[in-house]
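For reference, run_37.txt (compact mmCIF, C-alpha atoms and all ligand atoms):
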```
# COMPACT_ATOMS: atom_id res chain seq x y z
CA MET T 1 -289.90 -116.55 -0.01
CA HIS T 2 -286.37 -116.29 1.45
CA LYS T 3 -285.01 -113.13 2.97
CA ASN T 4 -281.65 -113.50 1.27
CA LYS T 5 -282.28 -114.71 -2.23
CA PHE T 6 -278.94 -113.32 -3.43
CA THR T 7 -276.87 -115.45 -1.03
CA ILE T 8 -278.90 -118.51 -1.87
CA ALA T 9 -278.42 -117.93 -5.59
CA ILE T 10 -274.66 -117.66 -5.10
CA LEU T 11 -274.56 -120.81 -2.99
CA LEU T 12 -276.60 -122.72 -5.55
CA GLY T 13 -274.32 -121.50 -8.31
CA MET T 14 -271.26 -122.56 -6.35
CA SER T 15 -272.63 -125.98 -5.61
CA SER T 16 -273.45 -126.61 -9.25
CA LEU T 17 -269.94 -125.52 -10.14
CA ALA T 18 -268.49 -127.80 -7.52
CA LEU T 19 -270.52 -130.66 -8.91
CA GLY T 20 -269.55 -129.92 -12.48
CA CYS T 21 -273.13 -129.27 -13.58
CA ASN T 22 -273.98 -126.93 -16.42
CA GLY T 23 -275.50 -124.28 -14.17
CA SER T 24 -276.05 -120.80 -15.57
CA ALA T 25 -273.46 -119.40 -13.12
CA GLU T 26 -270.83 -121.41 -14.97
CA GLN T 27 -271.63 -119.64 -18.22
CA SER T 28 -271.95 -116.15 -16.76
CA LYS T 29 -268.82 -116.34 -14.58
CA PRO T 30 -266.17 -118.19 -16.55
CA THR T 31 -263.46 -117.06 -14.14
CA LEU T 32 -264.98 -119.26 -11.44
CA LYS T 33 -264.42 -122.47 -13.41
CA ALA T 34 -264.39 -125.46 -11.10
CA PRO T 35 -260.94 -126.93 -10.59
CA GLU T 36 -260.76 -130.44 -11.99
CA GLN T 37 -260.20 -132.10 -8.64
CA LEU T 38 -263.65 -130.99 -7.55
CA THR T 39 -265.25 -133.96 -9.21
CA LEU T 40 -264.72 -137.38 -7.73
CA LYS T 41 -263.83 -138.96 -11.05
CA ALA T 42 -261.16 -136.33 -11.67
CA GLN T 43 -259.85 -136.52 -8.12
CA PHE T 44 -259.22 -140.25 -8.34
CA LYS T 45 -258.42 -140.42 -12.05
CA GLU T 46 -254.84 -141.51 -11.51
CA HIS T 47 -255.90 -144.27 -9.12
CA PHE T 48 -259.10 -146.03 -10.11
CA LYS T 49 -262.48 -145.66 -11.75
CA ILE T 50 -265.10 -144.22 -9.48
CA GLY T 51 -268.69 -145.36 -9.64
CA THR T 52 -272.16 -145.20 -8.21
CA ALA T 53 -275.31 -147.29 -8.09
CA ILE T 54 -278.24 -145.86 -10.05
CA SER T 55 -281.86 -146.53 -9.12
CA ARG T 56 -284.81 -147.09 -11.44
CA ASP T 57 -286.30 -143.68 -10.54
CA GLN T 58 -283.03 -141.97 -11.26
CA ILE T 59 -282.58 -143.57 -14.66
CA LEU T 60 -286.20 -143.19 -15.74
CA GLY T 61 -286.11 -139.44 -15.23
CA ALA T 62 -287.90 -138.95 -11.91
CA LEU T 63 -284.79 -137.44 -10.31
CA PRO T 64 -282.96 -135.48 -13.02
CA GLU T 65 -280.71 -133.61 -10.58
CA ASP T 66 -279.47 -136.89 -9.14
CA LEU T 67 -278.64 -138.13 -12.60
CA ASN T 68 -276.81 -134.93 -13.53
CA VAL T 69 -274.71 -135.21 -10.40
CA ALA T 70 -274.01 -138.88 -11.11
CA LYS T 71 -272.92 -138.08 -14.65
CA ALA T 72 -270.65 -135.29 -13.47
CA GLN T 73 -269.07 -137.07 -10.52
CA PHE T 74 -268.67 -140.70 -11.59
CA ASN T 75 -267.38 -142.64 -14.58
CA THR T 76 -268.98 -146.02 -13.94
CA PHE T 77 -272.56 -146.97 -13.11
CA THR T 78 -274.15 -150.07 -11.61
CA PRO T 79 -277.93 -150.56 -11.58
CA GLU T 80 -278.95 -150.68 -7.92
CA ASN T 81 -281.88 -153.01 -8.60
CA SER T 82 -283.02 -152.87 -12.24
CA MET T 83 -281.11 -155.93 -13.46
CA LYS T 84 -281.89 -158.21 -10.52
CA TRP T 85 -283.83 -161.30 -11.52
CA GLU T 86 -287.12 -160.31 -9.84
CA ARG T 87 -287.07 -156.95 -11.62
CA ILE T 88 -285.87 -157.88 -15.10
CA HIS T 89 -287.46 -161.33 -15.37
CA PRO T 90 -290.44 -161.32 -13.00
CA GLU T 91 -292.29 -164.23 -14.64
CA LEU T 92 -291.24 -167.16 -16.77
CA GLU T 93 -292.28 -165.58 -20.05
CA THR T 94 -292.02 -161.93 -18.96
CA TYR T 95 -288.97 -159.74 -19.08
CA ASP T 96 -289.03 -156.07 -18.09
CA PHE T 97 -286.11 -154.32 -19.74
CA GLU T 98 -287.43 -150.77 -19.43
CA ALA T 99 -285.06 -149.45 -16.76
CA ALA T 100 -282.14 -151.63 -17.85
CA ASP T 101 -282.42 -150.51 -21.49
CA ALA T 102 -282.61 -146.88 -20.41
CA LEU T 103 -279.53 -147.27 -18.24
CA VAL T 104 -277.53 -149.00 -20.96
CA GLN T 105 -278.41 -146.25 -23.41
CA TYR T 106 -277.70 -143.44 -20.94
CA ALA T 107 -274.37 -144.97 -20.01
CA GLN T 108 -273.35 -145.23 -23.65
CA GLU T 109 -274.39 -141.68 -24.45
CA ASN T 110 -272.64 -140.27 -21.41
CA ASN T 111 -269.42 -142.20 -21.49
CA GLN T 112 -270.12 -144.24 -18.39
CA GLU T 113 -268.78 -147.76 -18.05
CA LEU T 114 -271.57 -150.07 -16.96
CA VAL T 115 -271.36 -153.02 -14.57
CA GLY T 116 -274.38 -155.34 -14.71
CA HIS T 117 -275.68 -156.45 -11.33
CA THR T 118 -276.41 -159.34 -10.96
CA LEU T 119 -277.08 -162.59 -12.83
CA VAL T 120 -277.23 -165.27 -10.13
CA TRP T 121 -278.11 -164.48 -6.51
CA HIS T 122 -279.99 -166.39 -3.79
CA SER T 123 -281.95 -163.22 -3.02
CA GLN T 124 -284.46 -161.23 -5.10
CA THR T 125 -285.06 -164.27 -7.27
CA PRO T 126 -288.71 -165.33 -7.59
CA ASP T 127 -289.77 -168.75 -6.30
CA TRP T 128 -291.04 -169.80 -9.73
CA VAL T 129 -287.45 -169.88 -10.97
CA PHE T 130 -286.87 -173.03 -8.96
CA GLU T 131 -290.21 -174.74 -9.65
CA ASP T 132 -291.95 -176.53 -12.47
CA GLU T 133 -295.52 -175.82 -13.60
CA GLN T 134 -296.89 -177.96 -10.77
CA GLY T 135 -294.89 -176.03 -8.17
CA GLU T 136 -292.51 -178.96 -7.68
CA PRO T 137 -288.75 -178.32 -7.41
CA LEU T 138 -287.00 -178.38 -10.77
CA THR T 139 -284.42 -181.02 -11.55
CA ARG T 140 -280.76 -180.02 -11.72
CA ASP T 141 -280.80 -180.04 -15.52
CA ALA T 142 -284.00 -178.02 -15.75
CA LEU T 143 -282.69 -175.39 -13.35
CA LEU T 144 -279.39 -175.18 -15.22
CA MET T 145 -281.34 -174.62 -18.42
CA ARG T 146 -283.39 -171.91 -16.74
CA MET T 147 -280.24 -170.23 -15.51
CA GLN T 148 -278.71 -170.38 -18.96
CA ASN T 149 -281.83 -169.00 -20.64
CA HIS T 150 -281.89 -166.09 -18.19
CA ILE T 151 -278.22 -165.30 -18.67
CA ASN T 152 -278.59 -165.50 -22.44
CA ALA T 153 -281.60 -163.21 -22.40
CA VAL T 154 -280.09 -160.60 -20.08
CA ALA T 155 -276.33 -160.67 -20.58
CA GLY T 156 -276.82 -161.56 -24.25
CA ARG T 157 -279.11 -158.57 -24.80
CA TYR T 158 -276.38 -156.16 -23.71
CA LYS T 159 -273.47 -158.05 -25.21
CA ASN T 160 -270.71 -155.54 -26.05
CA ARG T 161 -272.66 -152.74 -24.35
CA ILE T 162 -272.06 -153.74 -20.74
CA PHE T 163 -268.46 -153.65 -19.65
CA ALA T 164 -268.71 -156.25 -16.90
CA TRP T 165 -271.11 -158.42 -14.94
CA ASP T 166 -271.44 -159.35 -11.29
CA VAL T 167 -272.10 -162.92 -12.40
CA VAL T 168 -272.64 -164.44 -8.97
CA ASN T 169 -273.53 -162.43 -5.90
CA GLU T 170 -273.12 -163.37 -2.22
CA ALA T 171 -272.69 -167.13 -2.52
CA LEU T 172 -270.59 -167.43 0.66
CA ASN T 173 -271.42 -167.68 4.34
CA GLU T 174 -269.54 -165.59 6.88
CA ASP T 175 -267.28 -168.55 7.69
CA GLY T 176 -266.29 -168.95 4.06
CA THR T 177 -268.36 -172.04 3.36
CA LEU T 178 -270.81 -172.06 0.49
CA ARG T 179 -274.20 -170.59 1.36
CA GLU T 180 -277.08 -173.02 1.20
CA SER T 181 -279.59 -171.74 -1.35
CA LYS T 182 -281.99 -173.13 -3.89
CA TRP T 183 -279.20 -172.81 -6.42
CA SER T 184 -276.80 -174.93 -4.40
CA THR T 185 -279.45 -177.39 -3.20
CA ILE T 186 -280.93 -178.19 -6.59
CA ILE T 187 -277.86 -177.85 -8.82
CA GLY T 188 -275.02 -178.45 -6.40
CA ASP T 189 -271.98 -176.35 -5.52
CA ASP T 190 -270.99 -176.22 -9.18
CA PHE T 191 -273.83 -173.80 -9.95
CA ILE T 192 -271.18 -171.07 -9.74
CA GLU T 193 -269.11 -172.71 -12.45
CA TYR T 194 -272.13 -172.91 -14.74
CA ALA T 195 -273.08 -169.30 -14.10
CA PHE T 196 -269.63 -168.12 -15.18
CA LYS T 197 -269.58 -170.44 -18.20
CA TYR T 198 -273.00 -169.28 -19.37
CA ALA T 199 -272.05 -165.64 -18.85
CA LYS T 200 -268.92 -166.10 -20.93
CA GLN T 201 -270.97 -167.66 -23.73
CA ALA T 202 -273.62 -164.94 -23.61
CA ALA T 203 -271.27 -161.95 -23.38
CA PRO T 204 -267.81 -163.12 -24.45
CA ASN T 205 -266.23 -159.67 -24.17
CA ALA T 206 -267.59 -158.71 -20.76
CA LYS T 207 -265.47 -158.91 -17.64
CA LEU T 208 -266.90 -161.45 -15.23
CA TYR T 209 -266.90 -160.89 -11.46
CA TYR T 210 -267.75 -162.54 -8.18
CA ASN T 211 -269.29 -160.03 -5.74
CA ASP T 212 -269.89 -160.35 -1.98
CA TYR T 213 -269.98 -158.49 1.34
CA ASN T 214 -267.67 -158.81 4.35
CA LEU T 215 -264.90 -160.11 2.13
CA TYR T 216 -262.41 -158.48 4.50
CA LYS T 217 -263.02 -161.32 7.00
CA PRO T 218 -260.15 -163.84 6.94
CA GLU T 219 -262.50 -166.88 6.91
CA LYS T 220 -264.68 -165.47 4.16
CA ARG T 221 -261.53 -164.40 2.30
CA ALA T 222 -260.33 -168.01 2.35
CA GLY T 223 -263.67 -169.16 0.93
CA ALA T 224 -263.56 -166.54 -1.82
CA ILE T 225 -260.01 -167.46 -2.76
CA ALA T 226 -260.99 -171.13 -2.93
CA LEU T 227 -263.90 -170.17 -5.17
CA ILE T 228 -261.63 -168.15 -7.49
CA LYS T 229 -258.98 -170.88 -7.63
CA ASN T 230 -261.56 -173.54 -8.32
CA LEU T 231 -262.79 -171.64 -11.37
CA GLN T 232 -259.25 -170.92 -12.52
CA SER T 233 -258.22 -174.56 -12.13
CA LYS T 234 -261.08 -175.57 -14.44
CA GLY T 235 -260.23 -172.96 -17.03
CA ILE T 236 -263.41 -170.98 -16.34
CA GLU T 237 -262.94 -167.26 -16.78
CA ILE T 238 -263.24 -165.02 -13.73
CA ASP T 239 -261.82 -161.54 -14.16
CA GLY T 240 -262.41 -159.86 -10.88
CA ILE T 241 -263.76 -159.83 -7.35
CA GLY T 242 -266.05 -157.15 -6.01
CA MET T 243 -265.58 -156.40 -2.34
CA GLN T 244 -268.82 -154.80 -1.20
CA ALA T 245 -267.91 -152.33 1.50
CA HIS T 246 -270.91 -151.62 3.67
CA TYR T 247 -268.86 -150.29 6.56
CA SER T 248 -269.38 -148.16 9.66
CA LEU T 249 -267.22 -145.81 11.71
CA ASP T 250 -265.71 -148.66 13.71
CA ASN T 251 -266.21 -151.73 11.55
CA PRO T 252 -264.25 -153.37 10.01
CA GLU T 253 -260.65 -153.20 11.12
CA LEU T 254 -259.18 -151.70 7.94
CA SER T 255 -256.00 -153.77 8.02
CA LEU T 256 -258.27 -156.74 7.24
CA MET T 257 -259.61 -154.96 4.18
CA GLU T 258 -256.05 -154.30 3.09
CA ASP T 259 -254.99 -157.92 3.66
CA SER T 260 -257.92 -159.08 1.55
CA ILE T 261 -257.09 -156.70 -1.31
CA VAL T 262 -253.55 -158.06 -1.38
CA ALA T 263 -254.69 -161.68 -1.16
CA TYR T 264 -257.29 -161.39 -3.92
CA ALA T 265 -254.89 -159.56 -6.21
CA ALA T 266 -252.40 -162.40 -5.71
CA THR T 267 -254.82 -164.75 -7.52
CA GLY T 268 -254.24 -162.63 -10.61
CA ILE T 269 -257.67 -161.03 -10.94
CA ASP T 270 -258.95 -157.45 -10.60
CA VAL T 271 -260.04 -156.22 -7.20
CA MET T 272 -262.88 -153.74 -6.92
CA ILE T 273 -264.62 -152.03 -4.06
CA THR T 274 -268.17 -152.37 -5.29
CA GLU T 275 -270.67 -151.06 -2.78
CA LEU T 276 -268.98 -148.52 -0.59
CA ASP T 277 -270.84 -146.66 2.15
CA ILE T 278 -269.91 -145.87 5.74
CA SER T 279 -272.79 -145.69 8.19
CA VAL T 280 -272.44 -143.20 11.07
CA LEU T 281 -275.33 -144.73 13.03
CA PRO T 282 -275.07 -147.15 15.93
CA PHE T 283 -275.48 -150.77 14.90
CA PRO T 284 -277.68 -153.03 17.06
CA GLU T 285 -275.50 -155.15 19.36
CA GLY T 286 -275.17 -158.79 18.50
CA GLU T 287 -276.28 -158.41 14.89
CA GLU T 288 -273.99 -159.17 11.97
CA GLN T 289 -272.83 -156.04 10.16
CA GLY T 290 -272.57 -156.53 6.43
CA ALA T 291 -275.46 -156.57 4.00
CA ASP T 292 -277.82 -159.42 4.79
CA ILE T 293 -281.00 -157.76 3.60
CA SER T 294 -283.21 -160.26 5.42
CA LEU T 295 -282.25 -158.45 8.65
CA ASP T 296 -285.12 -156.09 9.53
CA ILE T 297 -285.19 -154.75 13.10
CA ALA T 298 -287.98 -152.57 14.51
CA LEU T 299 -287.04 -148.87 14.52
CA GLN T 300 -285.83 -147.58 17.89
CA GLU T 301 -285.08 -143.89 18.52
CA ARG T 302 -281.76 -144.57 20.18
CA PHE T 303 -280.47 -146.06 16.95
CA ASN T 304 -281.49 -142.93 15.02
CA PRO T 305 -279.57 -140.17 16.81
CA TYR T 306 -279.21 -137.62 13.98
CA PRO T 307 -282.63 -137.20 12.34
CA ASN T 308 -282.15 -133.44 11.90
CA GLY T 309 -278.55 -133.19 10.81
CA LEU T 310 -275.13 -134.64 11.47
CA PRO T 311 -273.09 -133.01 14.28
CA SER T 312 -269.87 -131.61 12.86
CA GLU T 313 -267.70 -133.82 15.08
CA VAL T 314 -269.35 -136.93 13.64
CA ASN T 315 -268.91 -135.57 10.13
CA THR T 316 -265.23 -135.11 10.97
CA GLN T 317 -265.05 -138.72 12.16
CA LEU T 318 -266.66 -139.83 8.92
CA GLY T 319 -264.10 -137.84 6.95
CA GLU T 320 -261.25 -139.44 8.90
CA ARG T 321 -262.70 -142.87 8.33
CA TYR T 322 -263.06 -142.25 4.60
CA LYS T 323 -259.51 -140.92 4.50
CA ALA T 324 -258.21 -144.09 6.14
CA VAL T 325 -260.11 -146.21 3.60
CA PHE T 326 -258.91 -144.18 0.62
CA ASP T 327 -255.32 -144.11 1.87
CA ILE T 328 -255.32 -147.90 1.69
CA LEU T 329 -257.09 -147.99 -1.67
CA LYS T 330 -254.67 -145.48 -3.18
CA LYS T 331 -251.71 -147.38 -1.76
CA HIS T 332 -252.99 -150.42 -3.66
CA ASP T 333 -254.12 -148.66 -6.80
CA ASP T 334 -252.10 -151.16 -8.83
CA LYS T 335 -254.58 -153.80 -7.62
CA VAL T 336 -257.83 -151.86 -7.19
CA SER T 337 -259.36 -150.90 -10.52
CA ARG T 338 -262.67 -149.39 -9.40
CA VAL T 339 -264.37 -147.97 -6.33
CA THR T 340 -268.16 -147.82 -6.54
CA PHE T 341 -270.39 -146.10 -3.98
CA TRP T 342 -273.73 -147.70 -3.28
CA GLY T 343 -275.84 -144.68 -4.15
CA ILE T 344 -275.41 -141.08 -5.23
CA SER T 345 -276.32 -139.11 -2.13
CA ASP T 346 -277.37 -139.49 1.50
CA ALA T 347 -280.93 -138.61 0.47
CA ARG T 348 -281.39 -141.99 -1.20
CA THR T 349 -279.29 -144.75 0.24
CA TRP T 350 -280.35 -148.18 1.37
CA ARG T 351 -278.55 -147.43 4.67
CA ASN T 352 -281.49 -145.24 5.70
CA ASP T 353 -283.54 -148.45 5.81
CA TRP T 354 -281.14 -151.16 6.93
CA PRO T 355 -281.03 -152.88 9.33
CA MET T 356 -283.89 -150.66 10.56
CA GLN T 357 -286.32 -148.81 8.34
CA GLY T 358 -286.74 -145.05 8.52
CA ARG T 359 -283.42 -143.86 9.94
CA THR T 360 -281.40 -140.86 8.80
CA ASP T 361 -277.89 -141.91 7.84
CA TYR T 362 -275.02 -140.01 6.20
CA PRO T 363 -272.91 -142.74 4.57
CA LEU T 364 -271.86 -141.23 1.22
CA LEU T 365 -269.61 -138.45 -0.07
CA ILE T 366 -272.51 -136.39 -1.43
CA ASP T 367 -275.01 -134.88 1.03
CA ARG T 368 -278.78 -134.44 0.86
CA GLU T 369 -278.38 -131.14 -1.00
CA LEU T 370 -276.32 -132.97 -3.63
CA LYS T 371 -273.12 -131.22 -2.57
CA LEU T 372 -269.78 -132.88 -2.03
CA LYS T 373 -268.96 -133.10 1.67
CA SER T 374 -266.31 -130.76 2.98
CA PHE T 375 -263.77 -133.50 3.68
CA VAL T 376 -263.78 -134.92 0.15
CA SER T 377 -260.88 -132.75 -1.02
CA ASP T 378 -258.69 -134.35 1.70
CA LEU T 379 -259.21 -137.88 0.42
O1 LIG T 401 -279.67 -151.09 -2.38
C1 LIG T 401 -280.48 -152.19 -2.75
C2 LIG T 401 -281.87 -152.02 -2.20
O2 LIG T 401 -282.52 -150.91 -2.82
C3 LIG T 401 -282.70 -153.28 -2.44
O3 LIG T 401 -283.94 -153.18 -1.77
C4 LIG T 401 -281.94 -154.52 -1.95
C5 LIG T 401 -282.67 -155.79 -2.33
O4 LIG T 401 -282.69 -155.96 -3.71
O5 LIG T 401 -280.66 -154.57 -2.50
C6 LIG T 401 -279.85 -153.46 -2.21
O6 LIG T 401 -278.58 -153.63 -2.83
C7 LIG T 401 -277.83 -154.75 -2.35
C8 LIG T 401 -277.00 -155.26 -3.50
O7 LIG T 401 -277.82 -155.57 -4.59
C9 LIG T 401 -276.18 -156.48 -3.09
N1 LIG T 401 -275.39 -156.22 -1.92
C10 LIG T 401 -276.09 -155.60 -0.79
C11 LIG T 401 -276.83 -154.35 -1.25
C12 LIG T 401 -277.49 -153.66 -0.07
O8 LIG T 401 -278.47 -154.49 0.48
```

Take the structure in the file and give it back as C-alpha cells.
Ligand code: 9MR
Amino acid sequence: MHKNKFTIAILLGMSSLALGCNGSAEQSKPTLKAPEQLTLKAQFKEHFKIGTAISRDQILGALPEDLNVAKAQFNTFTPENSMKWERIHPELETYDFEAADALVQYAQENNQELVGHTLVWHSQTPDWVFEDEQGEPLTRDALLMRMQNHINAVAGRYKNRIFAWDVVNEALNEDGTLRESKWSTIIGDDFIEYAFKYAKQAAPNAKLYYNDYNLYKPEKRAGAIALIKNLQSKGIEIDGIGMQAHYSLDNPELSLMEDSIVAYAATGIDVMITELDISVLPFPEGEEQGADISLDIALQERFNPYPNGLPSEVNTQLGERYKAVFDILKKHDDKVSRVTFWGISDARTWRNDWPMQGRTDYPLLIDRELKLKSFVSDL
C-alpha cells in the first residue's frame, strides 16, 4: 500500500514509544526505552497531577488507541459527558450508569484518580427535573429533595471510588453575579450550599469542588471568592476550585490567570486547571470567549483557516502560548494541584465544534496521529 513501509513501521514504533504504549518495538528494541519525561504525567510529576477528559466512546471501547494513550500520558481522568445529569439520569426513574461504571472501574484498575463531573449544572439537565407530574414548576422543597436524591444516587454510588466531584458547575455570570437558572429561581441562591451539603453526605471522603470558565476575569474572580467564602463562613466543605481554561492564542491576558490562581489559593482551597485547551482558530468578533455552549454560530470558511494541517509558524505560536501558561502554573505549583486537558487529542475535542460546528482546531498537546506535539518537551 505504501512505498516505504519500513520507514512507516519505524515511525509508528517511535510514536508508541514516545507515548509509553506497549508497542512491539518496545519489546524488540529495549535500548530505545522511552525516557521518562516523554510522558506528560512524568514530565509534570514534580508539579501537579495531569489529567484528561474521557468520552463515552473512549471508555466503552470504541477507541482503544485513545484510551491507551490516555492511560500512558495522564494520571487523572474526568468524564467528558457521562456523569452529566441528562446522561446518567435521563428520566425520573431511569439512571444510565453504563459509561460511568466502566470509567470508575477502568480508573481503579489503571491507577487513575477520577474527578466526577458534574452534579449540579444549569445546562444538560432535563426539564423534567424542575417539574412535577403535571409539568408545573416544583416547589423549593421538592426540587431540593430531587437534587438530594440525584446526588445520593450518583455520588453515593461511587463513594470512596471517586476522588473528587465538580459539585456545582458554572453558576456565575461573567460579571461575577449569580447566574439565573431554574436552580436559583426555584430554590434560591442557596442551592449551591445545599449541593455541597448533599455531596458531603453522599460521599464524605470525596474532595468537593466548584468549577467554572473565565475565572481569570477579575469580576468573575470576585464572585467566585464570595461564593467560596460564603460556604466557608457557614461551615460547608469546599475543597477546591476548578478554573476551566478554554483559551486561545491571544485570550486571556495570562497575568489575570496568575492573579486568580493566587487569589483563590489565598482562600485556603486547592486550585486546579480543569479544562485546558488553547484554540488556534480566529474567534468571531463580538462574541464572548469562554465556554457558553449555547453559542452556535453558522460555519464560515474564514474562521476555519487550517482544515488540512497547521502551518508550522502557528504550531510554534501554540507552543509559546502553552509554555507561557505552564511557566505560570509551575511557578505556582504549591497552589495548583492538577492540570486537566479537555480531551485526549486534536482529533476529538469539543473545540472543533464550538462556537462553530465542523472546524479543524489544534488545541491540545497530542495531535491527530496521537503523538505528542514537538514543543511539549519545552514545557
Ligand atoms: O466537551 C463537552 C461536549 O462534548 C458536550 O457536548 C458539552 C455539553 O454537555 O459539554 C462539553 O464540556 C463542557 C464541560 O462539561 C463544562 N465546561 C465547558 C465544556 C465545554 O463546553

inquiry  = Just want the residues within 6 Å of ligand LIG 401 (chain T), written as number ranges by chain, counting only C-alpha atoms and all ligand atoms.
reply    = T: 80-81, 124, 291, 293, 350

task = Write out as a PyMOL selection string the residues lying within 12 Å of Asn230 (chain T), counting all atoms listed in the file and excluding same-chain residues fewer than 3 positions away.
result = chain T and resi 189-190+192-193+196+223-227+233-238+267

remark   = Here CA of Leu119 (chain T) and CA of Thr76 (chain T) stand apart by 18.5 Å

task = Taking the point (-271.0, -150.4, -18.4) as given in the file, collect each protein or nucleic acid residue that comes within 12 Å of it, counting only C-alpha atoms, and present the set as a ChimeraX atom specification.
result = /T:49,51-54,75-79,100-101,103-117,155,158-166,205-207

query = So, counting all atoms listed in the file, which residue among T:Phe130, T:Trp342, T:Trp354, T:Phe283 is closest to Leu295 (chain T)?
reply = T:Trp354

note = Of T:Met257, T:Leu276, T:Arg368, T:Gly286, the one sitting nearest Gly309 (chain T) when using all atoms listed in the file is T:Arg368

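Interatomic distance, CA of Phe191 (chain T) to CA of Arg338 (chain T): 26.8 Å.
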
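Closest to Ser255 (chain T) among T:Asp277, T:Pro305, T:Glu219, T:Val325 is T:Val325, based on only C-alpha atoms.
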
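Pairwise distance (CA of Ala266 (chain T), CA of Lys335 (chain T)) equals 9.1 Å.
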
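Proximity to Arg179 (chain T) was assessed for T:Arg157, T:His89, T:Lys220, T:Lys71 counting all atoms listed in the file; the smallest distance is recorded for T:Lys220.
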
Complete the atoms of region 348-368 of chain T to N, CA and C atoms and put them out as a PDB file, in the coordinates of the input.
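Done, and the output landed in result_1.pdb:
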```
ATOM      1  N   ARG T 348    -280.841-140.714  -0.738  1.00  0.00           N
ATOM      2  CA  ARG T 348    -281.390-141.990  -1.200  1.00  0.00           C
ATOM      3  C   ARG T 348    -280.327-143.061  -1.119  1.00  0.00           C
ATOM      4  N   THR T 349    -280.232-143.646   0.056  1.00  0.00           N
ATOM      5  CA  THR T 349    -279.290-144.750   0.240  1.00  0.00           C
ATOM      6  C   THR T 349    -280.000-145.832   1.033  1.00  0.00           C
ATOM      7  N   TRP T 350    -279.715-147.066   0.666  1.00  0.00           N
ATOM      8  CA  TRP T 350    -280.350-148.180   1.370  1.00  0.00           C
ATOM      9  C   TRP T 350    -280.027-148.138   2.863  1.00  0.00           C
ATOM     10  N   ARG T 351    -278.934-147.448   3.255  1.00  0.00           N
ATOM     11  CA  ARG T 351    -278.550-147.430   4.670  1.00  0.00           C
ATOM     12  C   ARG T 351    -279.601-146.723   5.525  1.00  0.00           C
ATOM     13  N   ASN T 352    -280.418-145.869   4.919  1.00  0.00           N
ATOM     14  CA  ASN T 352    -281.490-145.240   5.700  1.00  0.00           C
ATOM     15  C   ASN T 352    -282.538-146.262   6.137  1.00  0.00           C
ATOM     16  N   ASP T 353    -282.511-147.428   5.519  1.00  0.00           N
ATOM     17  CA  ASP T 353    -283.540-148.450   5.810  1.00  0.00           C
ATOM     18  C   ASP T 353    -282.985-149.800   6.210  1.00  0.00           C
ATOM     19  N   TRP T 354    -281.699-149.862   6.509  1.00  0.00           N
ATOM     20  CA  TRP T 354    -281.140-151.160   6.930  1.00  0.00           C
ATOM     21  C   TRP T 354    -280.115-150.930   8.031  1.00  0.00           C
ATOM     22  N   PRO T 355    -280.162-151.722   9.065  1.00  0.00           N
ATOM     23  CA  PRO T 355    -281.030-152.880   9.330  1.00  0.00           C
ATOM     24  C   PRO T 355    -282.371-152.504   9.963  1.00  0.00           C
ATOM     25  N   MET T 356    -282.648-151.174   9.987  1.00  0.00           N
ATOM     26  CA  MET T 356    -283.890-150.660  10.560  1.00  0.00           C
ATOM     27  C   MET T 356    -284.459-149.680   9.553  1.00  0.00           C
ATOM     28  N   GLN T 357    -285.750-149.720   9.322  1.00  0.00           N
ATOM     29  CA  GLN T 357    -286.320-148.810   8.340  1.00  0.00           C
ATOM     30  C   GLN T 357    -286.565-147.429   8.947  1.00  0.00           C
ATOM     31  N   GLY T 358    -286.348-146.395   8.128  1.00  0.00           N
ATOM     32  CA  GLY T 358    -286.740-145.050   8.520  1.00  0.00           C
ATOM     33  C   GLY T 358    -285.718-144.282   9.334  1.00  0.00           C
ATOM     34  N   ARG T 359    -284.434-144.653   9.234  1.00  0.00           N
ATOM     35  CA  ARG T 359    -283.420-143.860   9.940  1.00  0.00           C
ATOM     36  C   ARG T 359    -282.849-142.781   9.008  1.00  0.00           C
ATOM     37  N   THR T 360    -282.050-141.909   9.581  1.00  0.00           N
ATOM     38  CA  THR T 360    -281.400-140.860   8.800  1.00  0.00           C
ATOM     39  C   THR T 360    -279.899-141.063   8.913  1.00  0.00           C
ATOM     40  N   ASP T 361    -279.320-141.588   7.837  1.00  0.00           N
ATOM     41  CA  ASP T 361    -277.890-141.910   7.840  1.00  0.00           C
ATOM     42  C   ASP T 361    -277.154-140.965   6.887  1.00  0.00           C
ATOM     43  N   TYR T 362    -275.846-140.972   6.953  1.00  0.00           N
ATOM     44  CA  TYR T 362    -275.020-140.010   6.200  1.00  0.00           C
ATOM     45  C   TYR T 362    -273.809-140.733   5.601  1.00  0.00           C
ATOM     46  N   PRO T 363    -274.035-141.839   4.871  1.00  0.00           N
ATOM     47  CA  PRO T 363    -272.910-142.740   4.570  1.00  0.00           C
ATOM     48  C   PRO T 363    -272.091-142.415   3.326  1.00  0.00           C
ATOM     49  N   LEU T 364    -272.506-141.430   2.526  1.00  0.00           N
ATOM     50  CA  LEU T 364    -271.860-141.230   1.220  1.00  0.00           C
ATOM     51  C   LEU T 364    -271.049-139.947   1.192  1.00  0.00           C
ATOM     52  N   LEU T 365    -270.447-139.658   0.054  1.00  0.00           N
ATOM     53  CA  LEU T 365    -269.610-138.450  -0.070  1.00  0.00           C
ATOM     54  C   LEU T 365    -270.410-137.246  -0.545  1.00  0.00           C
ATOM     55  N   ILE T 366    -271.658-137.477  -0.925  1.00  0.00           N
ATOM     56  CA  ILE T 366    -272.510-136.390  -1.430  1.00  0.00           C
ATOM     57  C   ILE T 366    -273.710-136.271  -0.480  1.00  0.00           C
ATOM     58  N   ASP T 367    -273.980-135.055  -0.012  1.00  0.00           N
ATOM     59  CA  ASP T 367    -275.010-134.880   1.030  1.00  0.00           C
ATOM     60  C   ASP T 367    -276.418-134.755   0.436  1.00  0.00           C
ATOM     61  N   ARG T 368    -277.375-134.482   1.298  1.00  0.00           N
ATOM     62  CA  ARG T 368    -278.780-134.440   0.860  1.00  0.00           C
ATOM     63  C   ARG T 368    -279.069-133.266  -0.074  1.00  0.00           C
TER      64      ARG T 368
END
```
